[in-house]
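Notes to accompany the following structure.
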Amino acid sequence: MDTVKIGKFLAELRHERELTQEQLAEKLGTSNKTISRWENGNYMPPVEMLMELSAFYGVSINEILSGKRLDDNEAQSAAEENLKSVLSDSSFSLEDRKRYFTRKWKREHWYSFVIPALIAITVIMTSALLDQPVGVFLGCLIPFPARIVGYNVMMAYVERNAFDGKGNDKKS
């Protein structure tokens with residue numbers, strides 16, 4: 001897949017709309033630096049962004065991946081070539097995807113680790129000030145069930161995104 005050609009096509013589409021990289025980034029909810037990386041061919045837009053770009057510009061994902069507008073005759077053969085290219089370029093193993101989605105969930109849900117710790121500290125401090133040893137003991141226990149629940153929620157997210165929903169590896 002020719003990322004430079006794709007990038008030039010994305011830049012051409014943006015120019016047709018008379019948009020700056022900043023304006024496009026704002027519309028797509030990303031940064032102008034990301035748009036620049038796509039247009040320079042340094043990075044490929046993720047699948048979700050390919051769908052948004054396709055809808056926004058009124059072109060097919062196939063055309064974006066081909067780096068040009070396609071007529072009906074070209075579309076079928078280009079689709080086949082693009083599919084082969086995507087499949088051969090997709091080198092992420094199941095473990096890579098699981099690791100990626102675990103990190104992503106932790107970044108997006110950092111508070112699920114912080115809030116139980118803050119509650120536990122608050123309960124322990126308050127109980128200690130009120131001379132309530134049972135409260136101190138209970139405060140020490142709070143992080144454990146919170147961590148178990150958080151871990152289970154995280155793993156459900158990871159499995160939902162790394163597998164096809166049937167327990168099969170998505171690459172198969």
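Every chain in the structure tokens has a letter given in the order shown (A, B, ...), and although residue numbers restart at 1 in each chain, ligands are simply numbered from 1 in the order shown.
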
Could you give me, as JSON lines, every segment 111-164 of chain A residue with an atom at most 9 Å from segment 94-98 of chain A, plus its closest atom pair and distance in Å to one decimal, counting only C-alpha atoms, rows ordered by chain then number?
{"residue": "A:Met155", "atom": "CA", "partner": "A:Lys98", "partner_atom": "CA", "distance": 9.0}
{"residue": "A:Val158", "atom": "CA", "partner": "A:Lys98", "partner_atom": "CA", "distance": 6.0}
{"residue": "A:Glu159", "atom": "CA", "partner": "A:Lys98", "partner_atom": "CA", "distance": 7.5}
{"residue": "A:Asn161", "atom": "CA", "partner": "A:Lys98", "partner_atom": "CA", "distance": 8.2}
{"residue": "A:Ala162", "atom": "CA", "partner": "A:Arg97", "partner_atom": "CA", "distance": 5.6}
{"residue": "A:Phe163", "atom": "CA", "partner": "A:Leu94", "partner_atom": "CA", "distance": 8.1}

Next on the checklist: Give me the residues near Ser54 of chain A as an MDAnalysis selection string, where near means some atom within 10 Å (using only C-alpha atoms) and where sequence neighbours in that chain fewer than 6 positions away do not count.
Outcome noted: chainID A and resid 48 60:64

Next on the checklist: Among chain A, which ones does DSSP assign to alpha helix (DSSP H) (computed from the backbone)? Answer as a ChimeraX atom specification.
Outcome noted: /A:3-16,21-28,32-39,47-57,61-66,72-89,94-108,111-129,133-141,143-162

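The shell of residues at most 12 Å from Ile115 of chain A, with only C-alpha atoms counted and near chain neighbours (fewer than 4 positions) removed, consists of His109, Trp110, Tyr111, Ile119, Ala120, Ile121, Thr122, Ile142, Pro143, Ala146, Arg147 and Gly150 of chain A.
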